[in-house]
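Colleague: Contents of my_file12.cif (mmCIF, C-alpha atoms and all ligand atoms; chains and numbers go by the auth columns):
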data_query
loop_
_atom_site.group_PDB
_atom_site.id
_atom_site.type_symbol
_atom_site.label_atom_id
_atom_site.label_comp_id
_atom_site.label_asym_id
_atom_site.label_seq_id
_atom_site.Cartn_x
_atom_site.Cartn_y
_atom_site.Cartn_z
_atom_site.B_iso_or_equiv
_atom_site.auth_seq_id
_atom_site.auth_asym_id
ATOM 1 C CA MET A 1 -3.192 78.128 189.083 0.00 1 A
ATOM 2 C CA LEU A 2 -2.698 81.811 188.363 0.00 2 A
ATOM 3 C CA ILE A 3 -2.578 83.354 184.886 0.00 3 A
ATOM 4 C CA ALA A 4 -1.415 86.966 184.748 0.00 4 A
ATOM 5 C CA GLY A 5 -1.457 89.082 181.595 0.00 5 A
ATOM 6 C CA ASN A 6 1.336 91.654 181.452 0.00 6 A
ATOM 7 C CA TRP A 7 0.233 94.273 178.960 0.00 7 A
ATOM 8 C CA LYS A 8 3.517 96.216 179.142 0.00 8 A
ATOM 9 C CA MET A 9 3.160 99.603 177.348 0.00 9 A
ATOM 10 C CA PHE A 10 0.058 98.584 175.409 0.00 10 A
ATOM 11 C CA LYS A 11 -3.628 99.557 175.789 0.00 11 A
ATOM 12 C CA GLY A 12 -4.603 103.061 176.873 0.00 12 A
ATOM 13 C CA PRO A 13 -7.713 103.577 179.054 0.00 13 A
ATOM 14 C CA ALA A 14 -10.308 103.204 176.283 0.00 14 A
ATOM 15 C CA GLU A 15 -8.802 100.020 174.861 0.00 15 A
ATOM 16 C CA ALA A 16 -8.167 98.571 178.328 0.00 16 A
ATOM 17 C CA GLY A 17 -11.782 99.199 179.385 0.00 17 A
ATOM 18 C CA GLU A 18 -13.064 97.607 176.208 0.00 18 A
ATOM 19 C CA PHE A 19 -10.806 94.549 176.676 0.00 19 A
ATOM 20 C CA CYS A 20 -11.864 94.108 180.312 0.00 20 A
ATOM 21 C CA ARG A 21 -15.568 94.394 179.463 0.00 21 A
ATOM 22 C CA ALA A 22 -15.077 91.700 176.819 0.00 22 A
ATOM 23 C CA LEU A 23 -13.119 89.553 179.294 0.00 23 A
ATOM 24 C CA ARG A 24 -16.077 89.633 181.693 0.00 24 A
ATOM 25 C CA ASP A 25 -18.145 87.837 179.098 0.00 25 A
ATOM 26 C CA VAL A 26 -15.610 85.074 178.499 0.00 26 A
ATOM 27 C CA ASP A 27 -16.220 81.767 180.204 0.00 27 A
ATOM 28 C CA LEU A 28 -13.008 81.553 182.258 0.00 28 A
ATOM 29 C CA PRO A 29 -12.327 78.444 184.357 0.00 29 A
ATOM 30 C CA SER A 30 -13.254 79.115 187.984 0.00 30 A
ATOM 31 C CA VAL A 31 -10.295 77.047 189.253 0.00 31 A
ATOM 32 C CA VAL A 32 -7.847 79.462 187.621 0.00 32 A
ATOM 33 C CA ASP A 33 -7.096 82.869 189.154 0.00 33 A
ATOM 34 C CA VAL A 34 -6.867 85.492 186.427 0.00 34 A
ATOM 35 C CA VAL A 35 -5.081 88.835 186.673 0.00 35 A
ATOM 36 C CA VAL A 36 -4.385 91.642 184.192 0.00 36 A
ATOM 37 C CA CYS A 37 -1.538 94.170 184.519 0.00 37 A
ATOM 38 C CA PRO A 38 -2.378 97.307 182.521 0.00 38 A
ATOM 39 C CA PRO A 39 -0.193 100.441 182.311 0.00 39 A
ATOM 40 C CA TYR A 40 -0.771 102.943 185.147 0.00 40 A
ATOM 41 C CA VAL A 41 -3.051 105.214 183.127 0.00 41 A
ATOM 42 C CA SER A 42 -5.370 102.317 182.326 0.00 42 A
ATOM 43 C CA LEU A 43 -5.674 100.925 185.858 0.00 43 A
ATOM 44 C CA ALA A 44 -8.778 102.913 186.817 0.00 44 A
ATOM 45 C CA ALA A 45 -10.662 101.952 183.641 0.00 45 A
ATOM 46 C CA SER A 46 -9.703 98.305 184.154 0.00 46 A
ATOM 47 C CA VAL A 47 -10.729 98.221 187.830 0.00 47 A
ATOM 48 C CA GLN A 48 -14.046 99.802 186.912 0.00 48 A
ATOM 49 C CA ALA A 49 -14.709 97.416 184.026 0.00 49 A
ATOM 50 C CA LEU A 50 -13.877 94.348 186.146 0.00 50 A
ATOM 51 C CA ALA A 51 -15.757 95.438 189.292 0.00 51 A
ATOM 52 C CA GLY A 52 -17.731 92.568 190.800 0.00 52 A
ATOM 53 C CA THR A 53 -15.666 89.894 189.021 0.00 53 A
ATOM 54 C CA GLU A 54 -12.926 87.620 190.372 0.00 54 A
ATOM 55 C CA ILE A 55 -10.395 89.043 187.897 0.00 55 A
ATOM 56 C CA GLY A 56 -7.733 91.068 189.698 0.00 56 A
ATOM 57 C CA VAL A 57 -6.008 94.193 188.414 0.00 57 A
ATOM 58 C CA PHE A 58 -2.267 94.547 189.066 0.00 58 A
ATOM 59 C CA ALA A 59 0.114 97.424 188.312 0.00 59 A
ATOM 60 C CA GLN A 60 3.441 96.802 186.564 0.00 60 A
ATOM 61 C CA ASN A 61 5.639 98.493 189.165 0.00 61 A
ATOM 62 C CA CYS A 62 5.359 100.356 192.475 0.00 62 A
ATOM 63 C CA HIS A 63 7.642 102.531 194.622 0.00 63 A
ATOM 64 C CA TRP A 64 8.635 101.741 198.211 0.00 64 A
ATOM 65 C CA GLU A 65 7.709 105.116 199.747 0.00 65 A
ATOM 66 C CA ASP A 66 4.100 106.178 200.324 0.00 66 A
ATOM 67 C CA GLN A 67 4.771 109.626 198.867 0.00 67 A
ATOM 68 C CA GLY A 68 7.603 112.073 198.271 0.00 68 A
ATOM 69 C CA ALA A 69 9.885 113.664 195.703 0.00 69 A
ATOM 70 C CA PHE A 70 10.124 110.664 193.344 0.00 70 A
ATOM 71 C CA THR A 71 9.148 112.010 189.940 0.00 71 A
ATOM 72 C CA GLY A 72 7.544 109.400 187.728 0.00 72 A
ATOM 73 C CA GLU A 73 6.895 106.905 190.517 0.00 73 A
ATOM 74 C CA VAL A 74 3.605 105.665 192.021 0.00 74 A
ATOM 75 C CA SER A 75 3.052 104.314 195.559 0.00 75 A
ATOM 76 C CA ALA A 76 1.171 101.378 197.053 0.00 76 A
ATOM 77 C CA PRO A 77 -1.472 103.535 198.822 0.00 77 A
ATOM 78 C CA MET A 78 -2.143 105.330 195.523 0.00 78 A
ATOM 79 C CA LEU A 79 -2.704 102.005 193.767 0.00 79 A
ATOM 80 C CA GLN A 80 -4.885 100.735 196.598 0.00 80 A
ATOM 81 C CA GLU A 81 -7.013 103.883 196.455 0.00 81 A
ATOM 82 C CA LEU A 82 -7.806 102.928 192.836 0.00 82 A
ATOM 83 C CA GLY A 83 -8.821 99.393 193.795 0.00 83 A
ATOM 84 C CA VAL A 84 -5.651 97.781 192.432 0.00 84 A
ATOM 85 C CA TYR A 85 -5.007 94.401 194.032 0.00 85 A
ATOM 86 C CA GLY A 86 -1.301 93.866 193.439 0.00 86 A
ATOM 87 C CA THR A 87 1.704 94.667 191.305 0.00 87 A
ATOM 88 C CA LEU A 88 4.496 93.148 189.259 0.00 88 A
ATOM 89 C CA ILE A 89 7.950 94.031 190.572 0.00 89 A
ATOM 90 C CA GLY A 90 11.382 93.616 188.991 0.00 90 A
ATOM 91 C CA HIS A 91 10.277 92.606 185.502 0.00 91 A
ATOM 92 C CA SER A 92 13.375 92.017 183.362 0.00 92 A
ATOM 93 C CA GLU A 93 12.513 95.047 181.209 0.00 93 A
ATOM 94 C CA ARG A 94 12.681 97.179 184.386 0.00 94 A
ATOM 95 C CA ARG A 95 15.995 95.575 185.305 0.00 95 A
ATOM 96 C CA GLN A 96 17.543 95.797 181.831 0.00 96 A
ATOM 97 C CA LEU A 97 16.180 99.072 180.492 0.00 97 A
ATOM 98 C CA PHE A 98 15.496 101.133 183.620 0.00 98 A
ATOM 99 C CA GLY A 99 18.338 100.317 185.981 0.00 99 A
ATOM 100 C CA GLU A 100 16.356 98.256 188.481 0.00 100 A
ATOM 101 C CA THR A 101 18.699 96.226 190.722 0.00 101 A
ATOM 102 C CA ASP A 102 18.225 93.351 193.176 0.00 102 A
ATOM 103 C CA ALA A 103 18.380 95.975 195.944 0.00 103 A
ATOM 104 C CA THR A 104 15.675 98.255 194.511 0.00 104 A
ATOM 105 C CA VAL A 105 13.538 95.235 193.611 0.00 105 A
ATOM 106 C CA ALA A 106 13.835 94.008 197.217 0.00 106 A
ATOM 107 C CA ARG A 107 12.782 97.400 198.610 0.00 107 A
ATOM 108 C CA ARG A 108 9.774 97.571 196.305 0.00 108 A
ATOM 109 C CA VAL A 109 8.654 94.010 197.056 0.00 109 A
ATOM 110 C CA HIS A 110 9.011 94.477 200.801 0.00 110 A
ATOM 111 C CA ALA A 111 7.112 97.783 200.906 0.00 111 A
ATOM 112 C CA CYS A 112 4.284 96.578 198.665 0.00 112 A
ATOM 113 C CA LEU A 113 3.732 93.442 200.751 0.00 113 A
ATOM 114 C CA GLU A 114 3.814 95.543 203.940 0.00 114 A
ATOM 115 C CA ALA A 115 1.167 97.815 202.433 0.00 115 A
ATOM 116 C CA GLY A 116 -1.047 94.794 201.718 0.00 116 A
ATOM 117 C CA LEU A 117 -0.624 94.543 197.958 0.00 117 A
ATOM 118 C CA HIS A 118 -0.101 91.166 196.328 0.00 118 A
ATOM 119 C CA VAL A 119 3.224 90.964 194.506 0.00 119 A
ATOM 120 C CA ILE A 120 4.465 89.009 191.498 0.00 120 A
ATOM 121 C CA ALA A 121 8.254 89.395 191.717 0.00 121 A
ATOM 122 C CA CYS A 122 10.141 88.542 188.520 0.00 122 A
ATOM 123 C CA VAL A 123 13.495 86.796 188.180 0.00 123 A
ATOM 124 C CA GLY A 124 15.365 85.149 185.320 0.00 124 A
ATOM 125 C CA GLU A 125 18.739 84.759 183.639 0.00 125 A
ATOM 126 C CA THR A 126 19.954 86.282 180.356 0.00 126 A
ATOM 127 C CA ASP A 127 21.145 84.013 177.533 0.00 127 A
ATOM 128 C CA GLU A 128 24.725 85.038 178.286 0.00 128 A
ATOM 129 C CA GLU A 129 24.293 83.912 181.890 0.00 129 A
ATOM 130 C CA ARG A 130 22.730 80.627 180.760 0.00 130 A
ATOM 131 C CA ASP A 131 25.559 80.022 178.261 0.00 131 A
ATOM 132 C CA LYS A 132 28.096 80.543 181.045 0.00 132 A
ATOM 133 C CA GLY A 133 26.307 77.958 183.188 0.00 133 A
ATOM 134 C CA ALA A 134 25.385 80.683 185.696 0.00 134 A
ATOM 135 C CA THR A 135 21.585 80.239 185.597 0.00 135 A
ATOM 136 C CA HIS A 136 21.191 78.722 189.030 0.00 136 A
ATOM 137 C CA ALA A 137 23.642 81.149 190.652 0.00 137 A
ATOM 138 C CA VAL A 138 21.781 84.119 189.132 0.00 138 A
ATOM 139 C CA LEU A 139 18.415 82.791 190.286 0.00 139 A
ATOM 140 C CA ARG A 140 19.742 82.178 193.797 0.00 140 A
ATOM 141 C CA ARG A 141 21.141 85.723 193.948 0.00 141 A
ATOM 142 C CA GLN A 142 17.907 87.291 192.694 0.00 142 A
ATOM 143 C CA VAL A 143 15.675 85.232 194.989 0.00 143 A
ATOM 144 C CA ALA A 144 17.830 85.981 198.041 0.00 144 A
ATOM 145 C CA ALA A 145 16.244 89.451 197.924 0.00 145 A
ATOM 146 C CA PHE A 146 12.832 88.049 198.935 0.00 146 A
ATOM 147 C CA GLU A 147 11.303 86.612 202.073 0.00 147 A
ATOM 148 C CA PRO A 148 8.336 84.207 202.022 0.00 148 A
ATOM 149 C CA ASP A 149 4.980 85.926 202.319 0.00 149 A
ATOM 150 C CA GLU A 150 1.466 84.643 201.725 0.00 150 A
ATOM 151 C CA ASN A 151 0.895 87.427 199.184 0.00 151 A
ATOM 152 C CA LEU A 152 4.124 86.823 197.258 0.00 152 A
ATOM 153 C CA VAL A 153 4.356 84.947 193.967 0.00 153 A
ATOM 154 C CA ILE A 154 7.587 84.609 191.993 0.00 154 A
ATOM 155 C CA ALA A 155 7.646 84.618 188.196 0.00 155 A
ATOM 156 C CA TYR A 156 10.569 82.852 186.535 0.00 156 A
ATOM 157 C CA GLU A 157 11.090 84.518 183.179 0.00 157 A
ATOM 158 C CA PRO A 158 14.296 83.651 181.338 0.00 158 A
ATOM 159 C CA VAL A 159 15.211 86.923 179.621 0.00 159 A
ATOM 160 C CA TRP A 160 16.056 85.140 176.363 0.00 160 A
ATOM 161 C CA ALA A 161 12.505 83.760 176.184 0.00 161 A
ATOM 162 C CA ILE A 162 10.653 87.057 176.642 0.00 162 A
ATOM 163 C CA GLY A 163 8.998 88.302 173.476 0.00 163 A
ATOM 164 C CA THR A 164 11.271 86.113 171.350 0.00 164 A
ATOM 165 C CA GLY A 165 9.061 83.125 170.624 0.00 165 A
ATOM 166 C CA LYS A 166 11.777 80.967 172.251 0.00 166 A
ATOM 167 C CA THR A 167 10.163 79.222 175.211 0.00 167 A
ATOM 168 C CA ALA A 168 12.085 77.372 177.871 0.00 168 A
ATOM 169 C CA THR A 169 11.336 73.667 177.540 0.00 169 A
ATOM 170 C CA PRO A 170 8.992 72.404 180.264 0.00 170 A
ATOM 171 C CA GLN A 171 12.016 70.562 181.746 0.00 171 A
ATOM 172 C CA MET A 172 14.141 73.723 181.839 0.00 172 A
ATOM 173 C CA ALA A 173 11.338 75.660 183.485 0.00 173 A
ATOM 174 C CA GLN A 174 10.663 72.848 185.953 0.00 174 A
ATOM 175 C CA GLU A 175 14.376 72.721 186.915 0.00 175 A
ATOM 176 C CA ALA A 176 14.606 76.471 187.431 0.00 176 A
ATOM 177 C CA HIS A 177 11.434 76.417 189.524 0.00 177 A
ATOM 178 C CA GLU A 178 12.809 73.589 191.660 0.00 178 A
ATOM 179 C CA THR A 179 15.987 75.611 192.303 0.00 179 A
ATOM 180 C CA ILE A 180 13.917 78.579 193.408 0.00 180 A
ATOM 181 C CA LYS A 181 11.461 76.537 195.488 0.00 181 A
ATOM 182 C CA GLU A 182 14.376 75.114 197.472 0.00 182 A
ATOM 183 C CA LEU A 183 15.096 78.674 198.596 0.00 183 A
ATOM 184 C CA ILE A 184 11.619 80.067 199.020 0.00 184 A
ATOM 185 C CA ASP A 185 8.343 78.227 199.214 0.00 185 A
ATOM 186 C CA VAL A 186 5.891 80.418 197.315 0.00 186 A
ATOM 187 C CA PRO A 187 3.762 79.818 194.189 0.00 187 A
ATOM 188 C CA MET A 188 5.723 80.189 190.955 0.00 188 A
ATOM 189 C CA LEU A 189 4.720 81.349 187.499 0.00 189 A
ATOM 190 C CA TYR A 190 6.616 80.659 184.301 0.00 190 A
ATOM 191 C CA GLY A 191 6.899 83.514 181.794 0.00 191 A
ATOM 192 C CA GLY A 192 8.511 83.894 178.378 0.00 192 A
ATOM 193 C CA SER A 193 6.640 83.312 175.113 0.00 193 A
ATOM 194 C CA VAL A 194 3.757 81.415 176.726 0.00 194 A
ATOM 195 C CA LYS A 195 1.181 80.812 173.978 0.00 195 A
ATOM 196 C CA PRO A 196 -2.044 78.778 173.705 0.00 196 A
ATOM 197 C CA ASP A 197 -0.140 75.919 172.058 0.00 197 A
ATOM 198 C CA ASN A 198 2.590 75.513 174.691 0.00 198 A
ATOM 199 C CA ALA A 199 0.704 76.538 177.857 0.00 199 A
ATOM 200 C CA ALA A 200 -0.800 73.153 178.759 0.00 200 A
ATOM 201 C CA GLU A 201 2.544 71.334 178.681 0.00 201 A
ATOM 202 C CA LEU A 202 4.262 74.027 180.753 0.00 202 A
ATOM 203 C CA MET A 203 1.401 74.208 183.272 0.00 203 A
ATOM 204 C CA ALA A 204 1.483 70.421 183.697 0.00 204 A
ATOM 205 C CA GLN A 205 4.944 70.622 185.339 0.00 205 A
ATOM 206 C CA PRO A 206 4.629 70.002 189.067 0.00 206 A
ATOM 207 C CA ALA A 207 6.644 73.069 190.123 0.00 207 A
ATOM 208 C CA ILE A 208 4.770 75.459 187.806 0.00 208 A
ATOM 209 C CA ASP A 209 1.770 77.146 189.424 0.00 209 A
ATOM 210 C CA GLY A 210 0.745 79.418 186.573 0.00 210 A
ATOM 211 C CA ALA A 211 2.006 81.786 183.887 0.00 211 A
ATOM 212 C CA LEU A 212 2.969 85.404 183.347 0.00 212 A
ATOM 213 C CA VAL A 213 1.929 86.110 179.770 0.00 213 A
ATOM 214 C CA GLY A 214 3.050 89.089 177.687 0.00 214 A
ATOM 215 C CA GLY A 215 2.243 89.198 173.974 0.00 215 A
ATOM 216 C CA ALA A 216 -0.423 86.491 174.053 0.00 216 A
ATOM 217 C CA SER A 217 -2.355 88.339 176.788 0.00 217 A
ATOM 218 C CA LEU A 218 -3.155 91.251 174.473 0.00 218 A
ATOM 219 C CA GLU A 219 -5.819 89.345 172.527 0.00 219 A
ATOM 220 C CA ILE A 220 -8.880 87.972 174.311 0.00 220 A
ATOM 221 C CA ASP A 221 -8.922 84.675 172.436 0.00 221 A
ATOM 222 C CA SER A 222 -5.305 83.723 173.097 0.00 222 A
ATOM 223 C CA PHE A 223 -5.450 84.911 176.711 0.00 223 A
ATOM 224 C CA ALA A 224 -8.645 82.919 177.376 0.00 224 A
ATOM 225 C CA ALA A 225 -7.132 79.849 175.681 0.00 225 A
ATOM 226 C CA ILE A 226 -4.109 80.039 178.009 0.00 226 A
ATOM 227 C CA CYS A 227 -6.409 80.365 181.032 0.00 227 A
ATOM 228 C CA ARG A 228 -8.263 77.242 179.906 0.00 228 A
ATOM 229 C CA ALA A 229 -4.980 75.388 179.310 0.00 229 A
ATOM 230 C CA ALA A 230 -4.121 75.990 182.979 0.00 230 A
ATOM 231 C CA ILE A 231 -7.001 73.885 184.322 0.00 231 A
ATOM 232 C CA PRO A 232 -5.300 71.204 186.427 0.00 232 A
ATOM 233 C CA SER A 233 -5.917 67.724 185.006 0.00 233 A
HETATM 234 P P1 LIG B . 6.053 87.350 176.408 0.00 301 A
HETATM 235 O O1 LIG B . 6.359 88.298 177.691 0.00 301 A
HETATM 236 O O2 LIG B . 4.955 86.400 176.819 0.00 301 A
HETATM 237 O O3 LIG B . 5.643 88.307 175.323 0.00 301 A
HETATM 238 O O4 LIG B . 7.326 86.633 176.100 0.00 301 A
HETATM 239 C C1 LIG B . 6.357 87.777 178.985 0.00 301 A
HETATM 240 C C2 LIG B . 6.660 88.881 179.971 0.00 301 A
HETATM 241 O O5 LIG B . 7.483 89.753 179.655 0.00 301 A
HETATM 242 O O6 LIG B . 6.101 88.926 181.085 0.00 301 A
#
Could I get this file's structure written as structure tokens?
Modeller:
Amino acid sequence: MLIAGNWKMFKGPAEAGEFCRALRDVDLPSVVDVVVCPPYVSLAASVQALAGTEIGVFAQNCHWEDQGAFTGEVSAPMLQELGVYGTLIGHSERRQLFGETDATVARRVHACLEAGLHVIACVGETDEERDKGATHAVLRRQVAAFEPDENLVIAYEPVWAIGTGKTATPQMAQEAHETIKELIDVPMLYGGSVKPDNAAELMAQPAIDGALVGGASLEIDSFAAICRAAIPS
């Protein structure tokens, strides 16, 4: 089981350091892998605060080139120099608000894995796509951009469930995960309004290997409760 906290554009360096120092003191289940994904500027403080622990620090995005004229981008070697362990790629907010496409997501995923970073690649349908009955076609198209890799994890995050409080039912999530696992055999996280009170039921689905948590990862208590809910029974 893997629980990853996506902090999005929250927590500057001071707050991130404070959160990570507090997280060190929480009794997290040893059978659950825990990861936090702070904004770029807070990566160094987070890596420092979590040094010597099993908690990994991931970025939220990463470019495919090592360096060059790509204003605003950050590369895998730069992240690795900081001690960052992996990165999210293709989060729906990147796709919807910042023009990320299946093609750019594929380039980023490929380059990051080549560089030795772990990658959580995100996929998921919008509510319009679900209403049209296109969910499985969309997932197949998005997943076709990836190749299996031991350092690749896929996060299924239905766009209509992100930050809305509307969670996919465990059955819906299980079905989507099964569709994806038929195409690529890698661990899969569910994301979209995962909270302490729905985490255990979602994590109990056989095709769900963990969670990508947004809002509920910003508070220690709710994040720790989700990590505990992920202990396999
Ligand atoms: P949420 O976000 O848990 O706030 O819905 C999930 C995500 O965007 O990764």
Colleague: Which protein, DNA or RNA residues have an atom within 9 Å of ligand LIG 301 (chain A), counting all atoms listed in the file, as a ChimeraX atom specification?
Modeller: /A:4-8,91-93,122,155,157,159-167,190-195,211-217
Colleague: The PyMOL selection byres (((chain A and resi 117) around 8) and not hetatm) - which residues does that actually catch in the file I just gave you? List them as a list in words.
Modeller: Ala76, Gln80, Tyr85, Gly86, Thr87, Cys112, Leu113, Glu114, Ala115, Gly116, His118, Val119 and Asn151 of chain A
Colleague: Go through the shown structure with the PyMOL selection byres (((chain A and resi 208) around 7) and not hetatm) and write out the matching residues as number ranges by chain.
Modeller: A: 174, 177, 188-190, 203, 205-207, 209-210
Colleague: Excluding A:Ile184 and its own-chain neighbours fewer than 3 positions away, which residues fall within 7 Å of it when counting all atoms listed in the file? Please give them as a list in words.
Modeller: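 Contacts, with the query itself left out: Pro148, Ile180 and Lys181 of chain A.
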Colleague: Every residue with an atom at most 6 Å from (7.9, 76.7, 180.4) (file coordinates; all atoms listed in the file) is what I'm after, so could you write them as a PyMOL selection string?
Modeller: chain A and resi 168-170+173+190+202
Colleague: Select, from A:Ala51, A:Ala14, A:Leu218, A:Ala121, the residue with the minimum atom-to-atom distance to A:Leu82, counting only C-alpha atoms.
Modeller: A:Ala51
Colleague: Could you tell me how far atom CA of A:Val74 sits from atom CA of A:Glu125, in Å to one decimal place?
Modeller: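 These atoms are spaced 27.1 Å apart.
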Colleague: Please enumerate the residues selected by the PyMOL selection byres (((chain A and resi 233) around 10) and not hetatm) when evaluated against the supplied file, formatted as a compact mmCIF listing (two decimals) with C-alpha atoms, keeping the file's coordinate frame.
Modeller:
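Listing of part-v7.txt after writing:
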# COMPACT_ATOMS: atom_id res chain seq x y z
CA ALA A 200 -0.80 73.15 178.76
CA MET A 203 1.40 74.21 183.27
CA ALA A 204 1.48 70.42 183.70
CA ALA A 229 -4.98 75.39 179.31
CA ALA A 230 -4.12 75.99 182.98
CA ILE A 231 -7.00 73.89 184.32
CA PRO A 232 -5.30 71.20 186.43
Colleague: Could you list as a ChimeraX atom specification every residue that has an atom within 10 Å of (-6.8, 106.2, 183.2), using the file's coordinates and counting only C-alpha atoms?
Modeller: /A:12-14,16-17,38-46
Colleague: Can you tell me how far atom CA of A:Leu2 sits from atom CA of A:Ile120, in Å to one decimal?
Modeller: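 Straight-line distance from atom CA of A:Leu2 to atom CA of A:Ile120 works out to 10.6 Å.
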Colleague: Go ahead and compute the interatomic distance for atom CA of A:Lys132 and atom CA of A:Phe146, in Å to one decimal.
Modeller: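 Distance between the two atoms: 24.7 Å.
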Colleague: Can you pull out the residues contacting A:Val47? Cut-off 8 Å, using only C-alpha atoms, and skip same-chain residues under 6 positions away; I want them as a PyMOL selection string.
Modeller: chain A and resi 56-57+82-84
Colleague: Taking into account all atoms listed in the file, which residue in the set A:Pro187, A:Gly90, A:Gly52, A:Gly68 is nearest to A:Ala103?
Modeller: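 Of A:Pro187, A:Gly90, A:Gly52, A:Gly68, the one nearest A:Ala103 is A:Gly90, counting all atoms listed in the file.
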Colleague: Counting all atoms listed in the file, figure out which residue out of A:Val143, A:Ile220, A:Met78, A:Leu152 gets nearest to A:Leu183.
Modeller: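 The closest residue to A:Leu183 is A:Val143.
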